Every structure is written in C-alpha cells, then in structure tokens.
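Here's the structure, in structure tokens; my notes come after.
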Amino acid sequence: MDRTDIIYNLAEILNCEARKDEPLSKHTTFKIGGSADTYVLATSLSKLSAILKECAESDVDYMLIGNGSNILAPDDGYRGVVIRLDGDFRKISLVDEDTIYCGAGASLAALCKFALSCGLSGLEFAWGIPGTVGGAVFMNAGAYGGEMKDVVFSVNHITPDGDTGRIERDDLEFGYRTSVYRKNKAIITGVTIKMKKGNPDDIRAKMDDFLGRRSDKQPLDFPSAGSVFKRPEGAFAGALIEQCGLKGHCHGGAQVSEKHAGFIINKKNATANDVKSLIREVQTKVYDETGYNLECELIIL
C-alpha cells in the first residue's frame, strides 16, 4: 500500500472528500500540472490537525494549496498529499462593527463582497485577485497601492505538529510579497481583518474601477498565474520585458502575454517545463540588456 493511502483512508473516516491521482491542472489557474497521489479537502480544524499528525507519523509529504492562482505545478505531479481548506475554513463573520474574521480557505472575492455588505472599506484593491484569503496573507498580496498588511490584524495557524497558534500584526513580518509564513512552515487557518466604515456606493465604485483596470490591462482570457516577476527596485518588470522585445515570445505552448508583458499565459497546452524555460529566457535577456535581475513572484512547486 502506498503511504498516501493511509491519508486517503483517514480522510474518508473523517468524512473529508478525498481523491486519488487528482490532476493538479484542475486546481491551478495556469491549468498545468500532473496528478497528486492524494487530494484531500479538510473541512475543520480538528480534521486538518488529524491529517497533519498522520502525515508526520507516516512520513508522508504534503502540500497546501488555495485557488492555485500563484503556483506552477510540475508536469510529473506531486508524490504526496495535496490539502485544500474547505468547509469551516470558508466561513466569514462580523466580529464587531469594523472587524471581520475570515477562514483561510475563503476566496478574496467572497471576503470583498462580505466587507462591501457590511459597509467596510480597505479591501477594494483585492477585488479581482483570484486567490484565497490564506494565500493572500501568506504572500502579502497587493495591487493599486493596497496590500493585505494594511488590513490584517492577526492570523491564526496550525503547525505541522498539529499545534494551533496566532500571530499579531506587529510580528507578521509583512514585506513585498512576503510574510513570516514564508519561513515558519505553519498553515494559515484564519485571519482577523480590521477595516474602516465607508459608504457602500463609494466602496462599490472603487471595486468596479479596479476590476475595470484589470480587465483592460491583464490577459484574463487565457490561463495564467498573474504577475510572474516581482517588481524590481526602480523599474517595472512588464516594462523591462517589453523593452527587450519579448512581448509575444513563446516557448512551446507558453507565451509572454501580448497584452501585458509581466504575465506568462498558457497559450496552447503549455507544460510546466515550457513555462520554466520561458521564465529563464526572459530573465536572461532582461539581465543581459538592462542589468535587472528579475525575481520570480510565481511559486514553482
């Protein structure tokens, strides 16, 4: 019996949905990736804790994913267990007049809609970002002058050993596309958000404006994982790539978007190797011609 069968069987005992040989291409916005040995939807903190403890005891590798909107999964899949947060982890509630508690598995879109319904302002920048709340906090997602660090008050988590904890705002080590969770190996389970009261009409107008800008500038009609490169100091990745004549440049089925050079799209049945090769080609040419070293924002599994 494969070791991941132990986790699959446990998930069934816990009444968590589990699948064998699940294609990761179904769970990434790039629509790329081979099969994971086992895929599990963890629906509560106690069930997630049991799964993590069994992974540790059985020496089974695991990986947590959200909406898969900032990752590139390997062509040969993942030899281990892929866990996604569902059920209780998607719940959102109002704590008091300006505070929201949100499960890490909820989508940013759901959180933005909830904040709007409560007349709370501060998350408008996140409207249209296709990730989960946990993933957004993990990488301090941001756009149009806003970042998750502006609204996050505290973060709840669970460690690989199954212990729970919480980190307050001042200790979250937020930076450009990073947080303390990039290095502490804990899994974000929930987030407390503090916002400001606002006029719902004004909040909606701002959300619509940002979504319109995304639609105008980003290649939303092709599978992608958003911006591939971090913004280099003193420049913009997309502008540098375009300056080097790489707009529309292809490797296999992967292409530097003709609409926004900071995006790589799955133009035609691209593989993970196509995308990685194209990333290297872009990095090499940009460095050779401009001296800028483009660092990946995309997480390559």
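By order in the structure tokens, chains are A, B, ...; within a chain, residues start at 1; ligands start at 1, following the order shown.
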Identify, on the basis of only C-alpha atoms, every residue whose closest approach to region 92-98 of chain A does not exceed 10 Å; exclude the query and any residue fewer than 3 positions from it along the same chain; express the result as a ChimeraX atom specification.
/A:88-89,101-106,110-111,114-115,118-121,190-197
Closest-contact table, region 138-254 of chain A side, partner region 46-65 of chain A, 10 Å, counting only C-alpha atoms, as CSV:
```
residue,atom,partner,partner_atom,distance
A:Ile158,CA,A:Ser49,CA,7.6
A:Thr159,CA,A:Leu52,CA,8.5
A:Pro160,CA,A:Leu52,CA,6.0
A:Asp161,CA,A:Lys53,CA,5.8
A:Gly162,CA,A:Ser49,CA,4.8
A:Asp163,CA,A:Ser49,CA,7.8
A:Thr164,CA,A:Ser49,CA,8.8
A:Ile187,CA,A:Leu64,CA,7.9
A:Ile188,CA,A:Leu64,CA,9.9
A:Thr189,CA,A:Leu48,CA,9.7
```
Would you mind exporting the chosen residues as a PDB file, in the first residue's frame, restricted to N, CA, C and O atoms?
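Printed below is result_5.pdb as written:
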```pdb
ATOM      1  N   ILE A 158      -1.949  26.657  12.209  1.00  0.00           N
ATOM      2  CA  ILE A 158      -1.677  25.357  12.797  1.00  0.00           C
ATOM      3  C   ILE A 158      -0.308  24.909  12.304  1.00  0.00           C
ATOM      4  O   ILE A 158       0.042  25.123  11.141  1.00  0.00           O
ATOM      5  N   THR A 159       0.483  24.334  13.192  1.00  0.00           N
ATOM      6  CA  THR A 159       1.831  23.901  12.832  1.00  0.00           C
ATOM      7  C   THR A 159       1.788  22.487  12.245  1.00  0.00           C
ATOM      8  O   THR A 159       0.784  21.779  12.375  1.00  0.00           O
ATOM      9  N   PRO A 160       2.878  22.060  11.599  1.00  0.00           N
ATOM     10  CA  PRO A 160       2.921  20.687  11.068  1.00  0.00           C
ATOM     11  C   PRO A 160       2.692  19.619  12.135  1.00  0.00           C
ATOM     12  O   PRO A 160       2.269  18.498  11.812  1.00  0.00           O
ATOM     13  N   ASP A 161       2.945  19.952  13.411  1.00  0.00           N
ATOM     14  CA  ASP A 161       2.716  19.006  14.508  1.00  0.00           C
ATOM     15  C   ASP A 161       1.282  19.011  15.017  1.00  0.00           C
ATOM     16  O   ASP A 161       0.926  18.250  15.922  1.00  0.00           O
ATOM     17  N   GLY A 162       0.465  19.909  14.452  1.00  0.00           N
ATOM     18  CA  GLY A 162      -0.935  19.968  14.868  1.00  0.00           C
ATOM     19  C   GLY A 162      -1.227  20.957  15.968  1.00  0.00           C
ATOM     20  O   GLY A 162      -2.357  21.012  16.471  1.00  0.00           O
ATOM     21  N   ASP A 163      -0.232  21.757  16.378  1.00  0.00           N
ATOM     22  CA  ASP A 163      -0.453  22.766  17.417  1.00  0.00           C
ATOM     23  C   ASP A 163      -1.010  24.046  16.791  1.00  0.00           C
ATOM     24  O   ASP A 163      -0.589  24.454  15.706  1.00  0.00           O
ATOM     25  N   THR A 164      -1.947  24.679  17.486  1.00  0.00           N
ATOM     26  CA  THR A 164      -2.537  25.912  16.974  1.00  0.00           C
ATOM     27  C   THR A 164      -1.879  27.130  17.616  1.00  0.00           C
ATOM     28  O   THR A 164      -1.334  27.047  18.720  1.00  0.00           O
ATOM     29  N   ILE A 187       0.544  26.568   8.796  1.00  0.00           N
ATOM     30  CA  ILE A 187      -0.540  26.717   7.830  1.00  0.00           C
ATOM     31  C   ILE A 187      -1.525  27.747   8.362  1.00  0.00           C
ATOM     32  O   ILE A 187      -2.046  27.618   9.476  1.00  0.00           O
ATOM     33  N   ILE A 188      -1.788  28.769   7.591  1.00  0.00           N
ATOM     34  CA  ILE A 188      -2.756  29.800   7.976  1.00  0.00           C
ATOM     35  C   ILE A 188      -4.156  29.193   7.943  1.00  0.00           C
ATOM     36  O   ILE A 188      -4.556  28.572   6.957  1.00  0.00           O
ATOM     37  N   THR A 189      -4.901  29.358   9.038  1.00  0.00           N
ATOM     38  CA  THR A 189      -6.253  28.800   9.105  1.00  0.00           C
ATOM     39  C   THR A 189      -7.343  29.868   9.144  1.00  0.00           C
ATOM     40  O   THR A 189      -8.485  29.610   8.750  1.00  0.00           O
TER      41      THR A 189
END
```
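Among the candidates A:Glu295, A:Glu281, A:Asp201, A:Asp208, the one nearest to Arg231 (chain A) when counting only C-alpha atoms is A:Glu295.
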So which bits of region 63-287 of chain A end up strand (DSSP E or B) when you DSSP the backbone, as a ChimeraX atom specification?
/A:63-65,71-72,78-85,92-96,99-103,107,120-121,132,142-143,146-147,152-158,164-168,175,178,187-194,196-197,224-227,229,250-251,254-256,263-266
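If you measure from each of A:Asp5, A:Glu12, A:Asp86, A:Glu22 to Thr43 (chain A) using only C-alpha atoms, the closest one turns out to be A:Asp86.
Once Arg166 (chain A) and its same-chain neighbours fewer than 3 positions away are set aside, A:Ser154, A:Val155, A:Asn156, A:His157 remain within 7 Å of it when counting only C-alpha atoms.
Near Thr4 (chain A), within 8 Å and counting only C-alpha atoms, sit Asp37, Thr38, Val60, Gly80 and Val81 of chain A; same-chain residues fewer than 5 positions away were not included.
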Would you kindly return, as a ChimeraX atom specification, each protein, DNA or RNA residue with an atom no farther than 9 Å from any atom of Arg204 (chain A), considering only C-alpha atoms and excluding same-chain residues fewer than 4 positions away?
/A:116,124,199-200,208-209
Give me a file of those residues, with N, CA, C and O atoms, as an mmCIF file, in the first residue's frame.
```cif
data_model
loop_
_atom_site.group_PDB
_atom_site.id
_atom_site.type_symbol
_atom_site.label_atom_id
_atom_site.label_comp_id
_atom_site.auth_asym_id
_atom_site.auth_seq_id
_atom_site.Cartn_x
_atom_site.Cartn_y
_atom_site.Cartn_z
ATOM 1 N N LEU A 116 -18.100 44.654 1.634
ATOM 2 C CA LEU A 116 -18.997 45.618 0.994
ATOM 3 C C LEU A 116 -20.378 45.577 1.645
ATOM 4 O O LEU A 116 -20.965 46.633 1.932
ATOM 5 N N GLU A 124 -10.783 47.133 -1.157
ATOM 6 C CA GLU A 124 -11.178 47.323 -2.550
ATOM 7 C C GLU A 124 -10.085 46.896 -3.526
ATOM 8 O O GLU A 124 -10.362 46.359 -4.607
ATOM 9 N N ASN A 199 -18.908 54.395 2.827
ATOM 10 C CA ASN A 199 -20.153 54.449 2.084
ATOM 11 C C ASN A 199 -20.185 53.294 1.081
ATOM 12 O O ASN A 199 -19.293 53.200 0.230
ATOM 13 N N PRO A 200 -21.172 52.407 1.149
ATOM 14 C CA PRO A 200 -21.211 51.250 0.246
ATOM 15 C C PRO A 200 -21.146 51.623 -1.231
ATOM 16 O O PRO A 200 -20.524 50.914 -2.027
ATOM 17 N N ASP A 208 -15.336 48.480 -8.652
ATOM 18 C CA ASP A 208 -15.605 48.415 -10.095
ATOM 19 C C ASP A 208 -14.480 49.051 -10.900
ATOM 20 O O ASP A 208 -14.107 48.554 -11.974
ATOM 21 N N ASP A 209 -13.934 50.141 -10.375
ATOM 22 C CA ASP A 209 -12.829 50.822 -11.061
ATOM 23 C C ASP A 209 -11.605 49.918 -11.154
ATOM 24 O O ASP A 209 -11.008 49.761 -12.225
#
```
